[in-house]
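Heads up, data-v7.cif below (mmCIF, N, CA and C atoms):
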data_upload
loop_
_atom_site.group_PDB
_atom_site.id
_atom_site.type_symbol
_atom_site.label_atom_id
_atom_site.label_comp_id
_atom_site.auth_asym_id
_atom_site.auth_seq_id
_atom_site.Cartn_x
_atom_site.Cartn_y
_atom_site.Cartn_z
ATOM 1 N N MET K 1 -7.191 -16.395 6.018
ATOM 2 C CA MET K 1 -7.485 -17.363 4.988
ATOM 3 C C MET K 1 -8.352 -18.492 5.552
ATOM 4 N N THR K 2 -8.156 -18.803 6.817
ATOM 5 C CA THR K 2 -8.979 -19.849 7.430
ATOM 6 C C THR K 2 -10.443 -19.431 7.427
ATOM 7 N N GLU K 3 -10.709 -18.177 7.781
ATOM 8 C CA GLU K 3 -12.089 -17.690 7.786
ATOM 9 C C GLU K 3 -12.660 -17.664 6.369
ATOM 10 N N ALA K 4 -11.844 -17.345 5.387
ATOM 11 C CA ALA K 4 -12.305 -17.352 3.996
ATOM 12 C C ALA K 4 -12.695 -18.773 3.595
ATOM 13 N N ARG K 5 -11.852 -19.744 3.918
ATOM 14 C CA ARG K 5 -12.155 -21.144 3.581
ATOM 15 C C ARG K 5 -13.401 -21.636 4.313
ATOM 16 N N ASP K 6 -13.516 -21.283 5.596
ATOM 17 C CA ASP K 6 -14.690 -21.705 6.372
ATOM 18 C C ASP K 6 -15.971 -21.137 5.775
ATOM 19 N N ASN K 7 -15.951 -19.860 5.416
ATOM 20 C CA ASN K 7 -17.140 -19.239 4.837
ATOM 21 C C ASN K 7 -17.427 -19.770 3.432
ATOM 22 N N ALA K 8 -16.409 -20.192 2.711
ATOM 23 C CA ALA K 8 -16.621 -20.797 1.391
ATOM 24 C C ALA K 8 -17.380 -22.114 1.532
ATOM 25 N N ARG K 9 -17.024 -22.893 2.552
ATOM 26 C CA ARG K 9 -17.760 -24.150 2.781
ATOM 27 C C ARG K 9 -19.235 -23.876 3.052
ATOM 28 N N LEU K 10 -19.524 -22.737 3.661
ATOM 29 C CA LEU K 10 -20.913 -22.356 3.957
ATOM 30 C C LEU K 10 -21.569 -21.600 2.803
ATOM 31 N N LYS K 11 -20.784 -21.333 1.750
ATOM 32 C CA LYS K 11 -21.250 -20.623 0.553
ATOM 33 C C LYS K 11 -21.682 -19.178 0.845
ATOM 34 N N HIS K 12 -20.978 -18.551 1.766
ATOM 35 C CA HIS K 12 -21.199 -17.140 2.099
ATOM 36 C C HIS K 12 -20.166 -16.322 1.312
ATOM 37 N N TRP K 13 -20.426 -16.145 0.029
ATOM 38 C CA TRP K 13 -19.413 -15.628 -0.887
ATOM 39 C C TRP K 13 -19.030 -14.184 -0.618
ATOM 40 N N SER K 14 -19.956 -13.360 -0.196
ATOM 41 C CA SER K 14 -19.586 -11.975 0.131
ATOM 42 C C SER K 14 -18.676 -11.923 1.355
ATOM 43 N N LEU K 15 -18.917 -12.802 2.313
ATOM 44 C CA LEU K 15 -18.026 -12.888 3.472
ATOM 45 C C LEU K 15 -16.656 -13.419 3.068
ATOM 46 N N VAL K 16 -16.637 -14.330 2.111
ATOM 47 C CA VAL K 16 -15.358 -14.850 1.622
ATOM 48 C C VAL K 16 -14.556 -13.724 0.981
ATOM 49 N N ALA K 17 -15.210 -12.915 0.153
ATOM 50 C CA ALA K 17 -14.524 -11.774 -0.472
ATOM 51 C C ALA K 17 -13.967 -10.842 0.602
ATOM 52 N N ASN K 18 -14.746 -10.601 1.628
ATOM 53 C CA ASN K 18 -14.308 -9.757 2.736
ATOM 54 C C ASN K 18 -13.058 -10.336 3.397
ATOM 55 N N ARG K 19 -13.076 -11.626 3.706
ATOM 56 C CA ARG K 19 -11.956 -12.257 4.400
ATOM 57 C C ARG K 19 -10.715 -12.343 3.518
ATOM 58 N N LEU K 20 -10.886 -12.587 2.217
ATOM 59 C CA LEU K 20 -9.734 -12.578 1.317
ATOM 60 C C LEU K 20 -9.103 -11.188 1.300
ATOM 61 N N TYR K 21 -9.949 -10.169 1.205
ATOM 62 C CA TYR K 21 -9.417 -8.807 1.204
ATOM 63 C C TYR K 21 -8.643 -8.534 2.502
ATOM 64 N N TYR K 22 -9.247 -8.862 3.641
ATOM 65 C CA TYR K 22 -8.587 -8.532 4.898
ATOM 66 C C TYR K 22 -7.310 -9.336 5.122
ATOM 67 N N ALA K 23 -7.214 -10.524 4.559
ATOM 68 C CA ALA K 23 -5.942 -11.258 4.631
ATOM 69 C C ALA K 23 -4.857 -10.458 3.914
ATOM 70 N N VAL K 24 -5.191 -9.938 2.728
ATOM 71 C CA VAL K 24 -4.246 -9.119 1.966
ATOM 72 C C VAL K 24 -3.978 -7.801 2.694
ATOM 73 N N PHE K 25 -5.030 -7.172 3.190
ATOM 74 C CA PHE K 25 -4.892 -5.903 3.885
ATOM 75 C C PHE K 25 -3.935 -6.015 5.078
ATOM 76 N N HIS K 26 -4.118 -7.031 5.903
ATOM 77 C CA HIS K 26 -3.281 -7.158 7.097
ATOM 78 C C HIS K 26 -1.838 -7.498 6.745
ATOM 79 N N MET K 27 -1.638 -8.342 5.735
ATOM 80 C CA MET K 27 -0.262 -8.650 5.331
ATOM 81 C C MET K 27 0.384 -7.420 4.706
ATOM 82 N N ALA K 28 -0.358 -6.682 3.890
ATOM 83 C CA ALA K 28 0.181 -5.449 3.293
ATOM 84 C C ALA K 28 0.473 -4.417 4.373
ATOM 85 N N SER K 29 -0.371 -4.336 5.383
ATOM 86 C CA SER K 29 -0.131 -3.409 6.498
ATOM 87 C C SER K 29 1.144 -3.780 7.242
ATOM 88 N N ALA K 30 1.341 -5.075 7.472
ATOM 89 C CA ALA K 30 2.564 -5.530 8.139
ATOM 90 C C ALA K 30 3.785 -5.203 7.288
ATOM 91 N N LEU K 31 3.664 -5.386 5.986
ATOM 92 C CA LEU K 31 4.761 -5.061 5.073
ATOM 93 C C LEU K 31 5.088 -3.574 5.134
ATOM 94 N N MET K 32 4.070 -2.730 5.143
ATOM 95 C CA MET K 32 4.290 -1.284 5.192
ATOM 96 C C MET K 32 4.986 -0.881 6.487
ATOM 97 N N VAL K 33 4.515 -1.413 7.599
ATOM 98 C CA VAL K 33 5.137 -1.103 8.887
ATOM 99 C C VAL K 33 6.588 -1.561 8.876
ATOM 100 N N ASN K 34 6.823 -2.754 8.372
ATOM 101 C CA ASN K 34 8.177 -3.298 8.311
ATOM 102 C C ASN K 34 9.117 -2.422 7.494
ATOM 103 N N LYS K 35 8.586 -1.790 6.446
ATOM 104 C CA LYS K 35 9.417 -0.968 5.563
ATOM 105 C C LYS K 35 9.364 0.515 5.916
ATOM 106 N N GLY K 36 8.660 0.862 6.996
ATOM 107 C CA GLY K 36 8.643 2.244 7.463
ATOM 108 C C GLY K 36 7.638 3.146 6.776
ATOM 109 N N PHE K 37 6.614 2.573 6.152
ATOM 110 C CA PHE K 37 5.576 3.367 5.492
ATOM 111 C C PHE K 37 4.330 3.413 6.360
ATOM 112 N N ALA K 38 3.564 4.486 6.195
ATOM 113 C CA ALA K 38 2.297 4.622 6.912
ATOM 114 C C ALA K 38 1.220 5.068 5.934
ATOM 115 N N THR K 39 0.025 4.541 6.108
ATOM 116 C CA THR K 39 -1.118 4.956 5.297
ATOM 117 C C THR K 39 -2.286 5.260 6.215
ATOM 118 N N LYS K 40 -3.247 6.013 5.688
ATOM 119 C CA LYS K 40 -4.398 6.399 6.500
ATOM 120 C C LYS K 40 -5.699 5.787 6.011
ATOM 121 N N SER K 41 -5.657 5.076 4.888
ATOM 122 C CA SER K 41 -6.894 4.513 4.344
ATOM 123 C C SER K 41 -6.594 3.199 3.639
ATOM 124 N N HIS K 42 -7.649 2.461 3.391
ATOM 125 C CA HIS K 42 -7.510 1.208 2.647
ATOM 126 C C HIS K 42 -7.010 1.492 1.232
ATOM 127 N N ALA K 43 -7.621 2.464 0.583
ATOM 128 C CA ALA K 43 -7.203 2.818 -0.784
ATOM 129 C C ALA K 43 -5.760 3.311 -0.799
ATOM 130 N N GLY K 44 -5.375 4.044 0.224
ATOM 131 C CA GLY K 44 -4.006 4.530 0.318
ATOM 132 C C GLY K 44 -3.014 3.387 0.456
ATOM 133 N N LEU K 45 -3.391 2.362 1.180
ATOM 134 C CA LEU K 45 -2.534 1.188 1.338
ATOM 135 C C LEU K 45 -2.326 0.493 -0.007
ATOM 136 N N ILE K 46 -3.402 0.320 -0.748
ATOM 137 C CA ILE K 46 -3.311 -0.345 -2.053
ATOM 138 C C ILE K 46 -2.474 0.502 -3.011
ATOM 139 N N CYS K 47 -2.667 1.794 -2.974
ATOM 140 C CA CYS K 47 -1.890 2.705 -3.813
ATOM 141 C C CYS K 47 -0.404 2.616 -3.476
ATOM 142 N N LEU K 48 -0.088 2.631 -2.204
ATOM 143 C CA LEU K 48 1.302 2.562 -1.766
ATOM 144 C C LEU K 48 1.934 1.222 -2.142
ATOM 145 N N LEU K 49 1.146 0.175 -2.105
ATOM 146 C CA LEU K 49 1.632 -1.136 -2.521
ATOM 147 C C LEU K 49 2.133 -1.068 -3.970
ATOM 148 N N GLY K 50 1.357 -0.420 -4.821
ATOM 149 C CA GLY K 50 1.768 -0.263 -6.214
ATOM 150 C C GLY K 50 2.962 0.655 -6.367
ATOM 151 N N GLN K 51 2.914 1.792 -5.696
ATOM 152 C CA GLN K 51 3.978 2.786 -5.832
ATOM 153 C C GLN K 51 5.324 2.288 -5.326
ATOM 154 N N GLU K 52 5.324 1.612 -4.208
ATOM 155 C CA GLU K 52 6.592 1.246 -3.580
ATOM 156 C C GLU K 52 7.084 -0.155 -3.924
ATOM 157 N N PHE K 53 6.187 -1.048 -4.263
ATOM 158 C CA PHE K 53 6.608 -2.432 -4.448
ATOM 159 C C PHE K 53 6.480 -2.909 -5.892
ATOM 160 N N VAL K 54 5.474 -2.451 -6.601
ATOM 161 C CA VAL K 54 5.346 -2.840 -8.006
ATOM 162 C C VAL K 54 6.355 -2.069 -8.848
ATOM 163 N N THR K 55 6.463 -0.776 -8.621
ATOM 164 C CA THR K 55 7.390 0.025 -9.435
ATOM 165 C C THR K 55 8.841 -0.410 -9.243
ATOM 166 N N ARG K 56 9.149 -0.994 -8.099
ATOM 167 C CA ARG K 56 10.509 -1.488 -7.845
ATOM 168 C C ARG K 56 10.702 -2.940 -8.272
ATOM 169 N N GLY K 57 9.641 -3.538 -8.802
ATOM 170 C CA GLY K 57 9.736 -4.917 -9.268
ATOM 171 C C GLY K 57 9.682 -5.960 -8.174
ATOM 172 N N LEU K 58 9.289 -5.554 -6.967
ATOM 173 C CA LEU K 58 9.202 -6.493 -5.852
ATOM 174 C C LEU K 58 7.898 -7.290 -5.877
ATOM 175 N N LEU K 59 6.877 -6.696 -6.458
ATOM 176 C CA LEU K 59 5.599 -7.359 -6.699
ATOM 177 C C LEU K 59 5.221 -7.111 -8.151
ATOM 178 N N ASP K 60 4.378 -7.970 -8.688
ATOM 179 C CA ASP K 60 3.912 -7.821 -10.061
ATOM 180 C C ASP K 60 2.737 -6.858 -10.124
ATOM 181 N N ARG K 61 2.531 -6.319 -11.298
ATOM 182 C CA ARG K 61 1.372 -5.440 -11.523
ATOM 183 C C ARG K 61 0.068 -6.188 -11.220
ATOM 184 N N GLU K 62 0.054 -7.465 -11.564
ATOM 185 C CA GLU K 62 -1.140 -8.279 -11.301
ATOM 186 C C GLU K 62 -1.417 -8.414 -9.805
ATOM 187 N N ASP K 63 -0.369 -8.377 -9.000
ATOM 188 C CA ASP K 63 -0.544 -8.436 -7.547
ATOM 189 C C ASP K 63 -1.303 -7.210 -7.047
ATOM 190 N N ALA K 64 -0.900 -6.040 -7.528
ATOM 191 C CA ALA K 64 -1.578 -4.803 -7.129
ATOM 192 C C ALA K 64 -3.010 -4.772 -7.647
ATOM 193 N N LYS K 65 -3.214 -5.288 -8.850
ATOM 194 C CA LYS K 65 -4.575 -5.356 -9.400
ATOM 195 C C LYS K 65 -5.457 -6.259 -8.551
ATOM 196 N N LEU K 66 -4.889 -7.376 -8.101
ATOM 197 C CA LEU K 66 -5.653 -8.284 -7.246
ATOM 198 C C LEU K 66 -6.032 -7.591 -5.941
ATOM 199 N N ALA K 67 -5.093 -6.917 -5.322
ATOM 200 C CA ALA K 67 -5.384 -6.216 -4.064
ATOM 201 C C ALA K 67 -6.482 -5.182 -4.272
ATOM 202 N N SER K 68 -6.408 -4.446 -5.366
ATOM 203 C CA SER K 68 -7.424 -3.448 -5.671
ATOM 204 C C SER K 68 -8.781 -4.105 -5.937
ATOM 205 N N ARG K 69 -8.757 -5.200 -6.677
ATOM 206 C CA ARG K 69 -10.009 -5.913 -6.969
ATOM 207 C C ARG K 69 -10.643 -6.433 -5.687
ATOM 208 N N LEU K 70 -9.839 -7.001 -4.810
ATOM 209 C CA LEU K 70 -10.381 -7.500 -3.547
ATOM 210 C C LEU K 70 -10.964 -6.377 -2.696
ATOM 211 N N LEU K 71 -10.318 -5.216 -2.700
ATOM 212 C CA LEU K 71 -10.872 -4.059 -1.985
ATOM 213 C C LEU K 71 -12.239 -3.700 -2.552
ATOM 214 N N ASN K 72 -12.341 -3.611 -3.867
ATOM 215 C CA ASN K 72 -13.621 -3.272 -4.496
ATOM 216 C C ASN K 72 -14.686 -4.332 -4.228
ATOM 217 N N MET K 73 -14.281 -5.594 -4.251
ATOM 218 C CA MET K 73 -15.235 -6.668 -3.968
ATOM 219 C C MET K 73 -15.701 -6.603 -2.520
ATOM 220 N N ARG K 74 -14.785 -6.338 -1.617
ATOM 221 C CA ARG K 74 -15.151 -6.226 -0.203
ATOM 222 C C ARG K 74 -16.142 -5.093 -0.001
ATOM 223 N N GLN K 75 -15.876 -3.956 -0.625
ATOM 224 C CA GLN K 75 -16.782 -2.815 -0.475
ATOM 225 C C GLN K 75 -18.160 -3.123 -1.045
ATOM 226 N N ALA K 76 -18.214 -3.750 -2.215
ATOM 227 C CA ALA K 76 -19.509 -4.095 -2.809
ATOM 228 C C ALA K 76 -20.259 -5.085 -1.925
ATOM 229 N N GLY K 77 -19.561 -6.096 -1.441
ATOM 230 C CA GLY K 77 -20.207 -7.098 -0.596
ATOM 231 C C GLY K 77 -20.655 -6.552 0.739
ATOM 232 N N ASP K 78 -19.895 -5.610 1.286
ATOM 233 C CA ASP K 78 -20.230 -5.057 2.603
ATOM 234 C C ASP K 78 -21.306 -3.982 2.549
ATOM 235 N N TYR K 79 -21.301 -3.175 1.506
ATOM 236 C CA TYR K 79 -22.133 -1.973 1.514
ATOM 237 C C TYR K 79 -23.293 -1.972 0.534
ATOM 238 N N ASP K 80 -23.299 -2.867 -0.437
ATOM 239 C CA ASP K 80 -24.405 -2.927 -1.388
ATOM 240 C C ASP K 80 -25.379 -4.002 -0.908
ATOM 241 N N ASP K 81 -26.448 -3.572 -0.260
ATOM 242 C CA ASP K 81 -27.396 -4.500 0.359
ATOM 243 C C ASP K 81 -28.108 -5.403 -0.634
ATOM 244 N N MET K 82 -28.141 -5.036 -1.889
ATOM 245 C CA MET K 82 -28.856 -5.807 -2.893
ATOM 246 C C MET K 82 -27.906 -6.646 -3.752
ATOM 247 N N PHE K 83 -26.705 -6.886 -3.258
ATOM 248 C CA PHE K 83 -25.698 -7.565 -4.059
ATOM 249 C C PHE K 83 -25.010 -8.650 -3.246
ATOM 250 N N ASP K 84 -24.782 -9.786 -3.866
ATOM 251 C CA ASP K 84 -24.006 -10.862 -3.255
ATOM 252 C C ASP K 84 -23.069 -11.445 -4.305
ATOM 253 N N TRP K 85 -21.852 -11.736 -3.921
ATOM 254 C CA TRP K 85 -20.913 -12.397 -4.819
ATOM 255 C C TRP K 85 -21.306 -13.857 -4.971
ATOM 256 N N GLU K 86 -20.912 -14.436 -6.089
ATOM 257 C CA GLU K 86 -21.207 -15.832 -6.391
ATOM 258 C C GLU K 86 -19.915 -16.654 -6.345
ATOM 259 N N GLU K 87 -20.068 -17.951 -6.223
ATOM 260 C CA GLU K 87 -18.922 -18.844 -6.132
ATOM 261 C C GLU K 87 -17.952 -18.676 -7.296
ATOM 262 N N GLU K 88 -18.476 -18.550 -8.511
ATOM 263 C CA GLU K 88 -17.590 -18.429 -9.681
ATOM 264 C C GLU K 88 -16.785 -17.126 -9.685
ATOM 265 N N ASP K 89 -17.250 -16.128 -8.940
ATOM 266 C CA ASP K 89 -16.503 -14.875 -8.802
ATOM 267 C C ASP K 89 -15.349 -15.032 -7.812
ATOM 268 N N ILE K 90 -15.539 -15.858 -6.800
ATOM 269 C CA ILE K 90 -14.638 -15.908 -5.656
ATOM 270 C C ILE K 90 -13.628 -17.050 -5.713
ATOM 271 N N GLN K 91 -14.061 -18.243 -6.076
ATOM 272 C CA GLN K 91 -13.173 -19.414 -6.017
ATOM 273 C C GLN K 91 -11.837 -19.212 -6.739
ATOM 274 N N PRO K 92 -11.808 -18.606 -7.936
ATOM 275 C CA PRO K 92 -10.517 -18.427 -8.612
ATOM 276 C C PRO K 92 -9.548 -17.497 -7.871
ATOM 277 N N LEU K 93 -10.041 -16.743 -6.905
ATOM 278 C CA LEU K 93 -9.200 -15.788 -6.192
ATOM 279 C C LEU K 93 -8.405 -16.415 -5.043
ATOM 280 N N PHE K 94 -8.793 -17.607 -4.613
ATOM 281 C CA PHE K 94 -8.086 -18.248 -3.508
ATOM 282 C C PHE K 94 -6.601 -18.468 -3.815
ATOM 283 N N PRO K 95 -6.244 -19.160 -4.896
ATOM 284 C CA PRO K 95 -4.807 -19.387 -5.134
ATOM 285 C C PRO K 95 -4.039 -18.097 -5.408
ATOM 286 N N LYS K 96 -4.671 -17.158 -6.080
ATOM 287 C CA LYS K 96 -4.006 -15.879 -6.355
ATOM 288 C C LYS K 96 -3.738 -15.121 -5.062
ATOM 289 N N THR K 97 -4.710 -15.123 -4.168
ATOM 290 C CA THR K 97 -4.550 -14.438 -2.881
ATOM 291 C C THR K 97 -3.465 -15.110 -2.051
ATOM 292 N N GLU K 98 -3.468 -16.431 -2.026
ATOM 293 C CA GLU K 98 -2.442 -17.146 -1.265
ATOM 294 C C GLU K 98 -1.051 -16.836 -1.802
ATOM 295 N N GLN K 99 -0.894 -16.747 -3.115
ATOM 296 C CA GLN K 99 0.399 -16.420 -3.707
ATOM 297 C C GLN K 99 0.830 -15.004 -3.337
ATOM 298 N N LEU K 100 -0.105 -14.070 -3.373
ATOM 299 C CA LEU K 100 0.215 -12.690 -3.009
ATOM 300 C C LEU K 100 0.641 -12.613 -1.542
ATOM 301 N N LEU K 101 -0.047 -13.319 -0.678
ATOM 302 C CA LEU K 101 0.325 -13.325 0.739
ATOM 303 C C LEU K 101 1.742 -13.869 0.927
ATOM 304 N N LEU K 102 2.078 -14.921 0.218
ATOM 305 C CA LEU K 102 3.428 -15.490 0.302
ATOM 306 C C LEU K 102 4.479 -14.503 -0.190
ATOM 307 N N LYS K 103 4.180 -13.807 -1.284
ATOM 308 C CA LYS K 103 5.121 -12.820 -1.822
ATOM 309 C C LYS K 103 5.359 -11.687 -0.827
ATOM 310 N N MET K 104 4.272 -11.174 -0.244
ATOM 311 C CA MET K 104 4.431 -10.082 0.711
ATOM 312 C C MET K 104 5.154 -10.546 1.953
ATOM 313 N N ARG K 105 4.842 -11.743 2.424
ATOM 314 C CA ARG K 105 5.514 -12.267 3.612
ATOM 315 C C ARG K 105 7.022 -12.389 3.375
ATOM 316 N N ALA K 106 7.397 -12.804 2.167
ATOM 317 C CA ALA K 106 8.827 -12.943 1.845
ATOM 318 C C ALA K 106 9.548 -11.596 1.838
ATOM 319 N N LEU K 107 8.815 -10.511 1.627
ATOM 320 C CA LEU K 107 9.421 -9.171 1.615
ATOM 321 C C LEU K 107 9.622 -8.599 3.015
ATOM 322 N N ILE K 108 8.967 -9.202 4.002
ATOM 323 C CA ILE K 108 9.100 -8.729 5.374
ATOM 324 C C ILE K 108 10.356 -9.341 5.981
ATOM 325 N N GLN K 109 11.260 -8.464 6.446
ATOM 326 C CA GLN K 109 12.524 -8.946 7.019
ATOM 327 C C GLN K 109 12.642 -8.531 8.460
#
Whole structure given in C-alpha cells:
Amino acid sequence: MTEARDNARLKHWSLVANRLYYAVFHMASALMVNKGFATKSHAGLICLLGQEFVTRGLLDREDAKLASRLLNMRQAGDYDDMFDWEEEDIQPLFPKTEQLLLKMRALIQ
C-alpha cells in the first residue's frame, strides 16, 4: 500500500493499480497458506478466494469482485502498451482495498 500511495503522488496510475493488486494478492496468498490451500495462478487465487471465503460468508461478494477487478486492471496496465489508467479509475479503490486487506488479515490465525 505504501508503494501504491507513493506512485499515486507521482500520478503513475497504472503502477498504482499494479501495487493495489499485489497488496491484495500477497495478503490473499498468506490467507491461503494459513488455511492450507494452494493455487498455481493469479486467477486461481482469486477464484479460490470466492469459493472458500465468499461462499462461507467470511468475505463479501464485493470483496471478490474487487480482487478480480484489480487483477484485470493490473493486467491491462502491465500488458496493454497503449493504455494507462486515470486517477478517477484508481483513487476510489484505495479505501476498498484497505478494507479488504483488513478483512483478510483478520481471517489469518
- [ ] Show me as a ChimeraX atom specification the residues that reach within 7 Å of (-0.8, -12.4, -8.9), counting all atoms listed in the file and using the file's own coordinates.
- [x] /K:60-64,66,96-97,99-100
Suppose we keep N, CA and C atoms; can you now write the selection as a short mmCIF file (atom, residue, chain, number, x, y, z; two decimals), in the frame of the given file?
data_model
loop_
_atom_site.label_atom_id
_atom_site.label_comp_id
_atom_site.auth_asym_id
_atom_site.auth_seq_id
_atom_site.Cartn_x
_atom_site.Cartn_y
_atom_site.Cartn_z
N ASP K 60 4.38 -7.97 -8.69
CA ASP K 60 3.91 -7.82 -10.06
C ASP K 60 2.74 -6.86 -10.12
N ARG K 61 2.53 -6.32 -11.30
CA ARG K 61 1.37 -5.44 -11.52
C ARG K 61 0.07 -6.19 -11.22
N GLU K 62 0.05 -7.46 -11.56
CA GLU K 62 -1.14 -8.28 -11.30
C GLU K 62 -1.42 -8.41 -9.80
N ASP K 63 -0.37 -8.38 -9.00
CA ASP K 63 -0.54 -8.44 -7.55
C ASP K 63 -1.30 -7.21 -7.05
N ALA K 64 -0.90 -6.04 -7.53
CA ALA K 64 -1.58 -4.80 -7.13
C ALA K 64 -3.01 -4.77 -7.65
N LEU K 66 -4.89 -7.38 -8.10
CA LEU K 66 -5.65 -8.28 -7.25
C LEU K 66 -6.03 -7.59 -5.94
N LYS K 96 -4.67 -17.16 -6.08
CA LYS K 96 -4.01 -15.88 -6.36
C LYS K 96 -3.74 -15.12 -5.06
N THR K 97 -4.71 -15.12 -4.17
CA THR K 97 -4.55 -14.44 -2.88
C THR K 97 -3.46 -15.11 -2.05
N GLN K 99 -0.89 -16.75 -3.12
CA GLN K 99 0.40 -16.42 -3.71
C GLN K 99 0.83 -15.00 -3.34
N LEU K 100 -0.10 -14.07 -3.37
CA LEU K 100 0.22 -12.69 -3.01
C LEU K 100 0.64 -12.61 -1.54
#
TODO: as a PyMOL selection string, list the residues of chain K assigned to helix (DSSP H, G or I) by DSSP on the backbone atoms of this structure.
DONE: chain K and resi 2-9+13-35+42-54+61-79+87-90+93-107
Task: For K:Pro95, the nearest of the candidates K:Arg5, K:His12, K:Gly36, K:Asp78, counting only C-alpha atoms - done: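 Of K:Arg5, K:His12, K:Gly36, K:Asp78, the one nearest K:Pro95 is K:Arg5, counting only C-alpha atoms.
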Residues selected by the PyMOL selection byres (((chain K and resi 52 and name CA) around 12) and name CA), written as a compact mmCIF listing (two decimals) with N, CA and C atoms, in the coordinates of the input:
# COMPACT_ATOMS: atom_id res chain seq x y z
N ALA K 28 -0.36 -6.68 3.89
CA ALA K 28 0.18 -5.45 3.29
C ALA K 28 0.47 -4.42 4.37
N LEU K 31 3.66 -5.39 5.99
CA LEU K 31 4.76 -5.06 5.07
C LEU K 31 5.09 -3.57 5.13
N MET K 32 4.07 -2.73 5.14
CA MET K 32 4.29 -1.28 5.19
C MET K 32 4.99 -0.88 6.49
N LYS K 35 8.59 -1.79 6.45
CA LYS K 35 9.42 -0.97 5.56
C LYS K 35 9.36 0.52 5.92
N GLY K 36 8.66 0.86 7.00
CA GLY K 36 8.64 2.24 7.46
C GLY K 36 7.64 3.15 6.78
N PHE K 37 6.61 2.57 6.15
CA PHE K 37 5.58 3.37 5.49
C PHE K 37 4.33 3.41 6.36
N ALA K 38 3.56 4.49 6.20
CA ALA K 38 2.30 4.62 6.91
C ALA K 38 1.22 5.07 5.93
N GLY K 44 -5.38 4.04 0.22
CA GLY K 44 -4.01 4.53 0.32
C GLY K 44 -3.01 3.39 0.46
N LEU K 45 -3.39 2.36 1.18
CA LEU K 45 -2.53 1.19 1.34
C LEU K 45 -2.33 0.49 -0.01
N ILE K 46 -3.40 0.32 -0.75
CA ILE K 46 -3.31 -0.34 -2.05
C ILE K 46 -2.47 0.50 -3.01
N CYS K 47 -2.67 1.79 -2.97
CA CYS K 47 -1.89 2.70 -3.81
C CYS K 47 -0.40 2.62 -3.48
N LEU K 48 -0.09 2.63 -2.20
CA LEU K 48 1.30 2.56 -1.77
C LEU K 48 1.93 1.22 -2.14
N LEU K 49 1.15 0.18 -2.10
CA LEU K 49 1.63 -1.14 -2.52
C LEU K 49 2.13 -1.07 -3.97
N GLY K 50 1.36 -0.42 -4.82
CA GLY K 50 1.77 -0.26 -6.21
C GLY K 50 2.96 0.66 -6.37
N GLN K 51 2.91 1.79 -5.70
CA GLN K 51 3.98 2.79 -5.83
C GLN K 51 5.32 2.29 -5.33
N PHE K 53 6.19 -1.05 -4.26
CA PHE K 53 6.61 -2.43 -4.45
C PHE K 53 6.48 -2.91 -5.89
N VAL K 54 5.47 -2.45 -6.60
CA VAL K 54 5.35 -2.84 -8.01
C VAL K 54 6.36 -2.07 -8.85
N THR K 55 6.46 -0.78 -8.62
CA THR K 55 7.39 0.02 -9.44
C THR K 55 8.84 -0.41 -9.24
N ARG K 56 9.15 -0.99 -8.10
CA ARG K 56 10.51 -1.49 -7.84
C ARG K 56 10.70 -2.94 -8.27
N GLY K 57 9.64 -3.54 -8.80
CA GLY K 57 9.74 -4.92 -9.27
C GLY K 57 9.68 -5.96 -8.17
N LEU K 58 9.29 -5.55 -6.97
CA LEU K 58 9.20 -6.49 -5.85
C LEU K 58 7.90 -7.29 -5.88
N LEU K 59 6.88 -6.70 -6.46
CA LEU K 59 5.60 -7.36 -6.70
C LEU K 59 5.22 -7.11 -8.15
N ASP K 60 4.38 -7.97 -8.69
CA ASP K 60 3.91 -7.82 -10.06
C ASP K 60 2.74 -6.86 -10.12
N ARG K 61 2.53 -6.32 -11.30
CA ARG K 61 1.37 -5.44 -11.52
C ARG K 61 0.07 -6.19 -11.22
N ALA K 64 -0.90 -6.04 -7.53
CA ALA K 64 -1.58 -4.80 -7.13
C ALA K 64 -3.01 -4.77 -7.65
N LEU K 107 8.82 -10.51 1.63
CA LEU K 107 9.42 -9.17 1.62
C LEU K 107 9.62 -8.60 3.02
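Taking atom N of K:Leu102 as the reference point, atom N of K:Tyr79 is found at 26.2 Å.
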- [ ] Would you translate the PyMOL selection byres ((chain K and resi 4) around 6) into the concrete set of residues it matches in this file, as a ChimeraX atom specification?
- [x] /K:1-3,5-8,15-16,19-20
- [ ] Quote the spacing between atom CA of K:Leu70 and atom N of K:Tyr21 in Å to one decimal place.
- [x] 5.5 Å
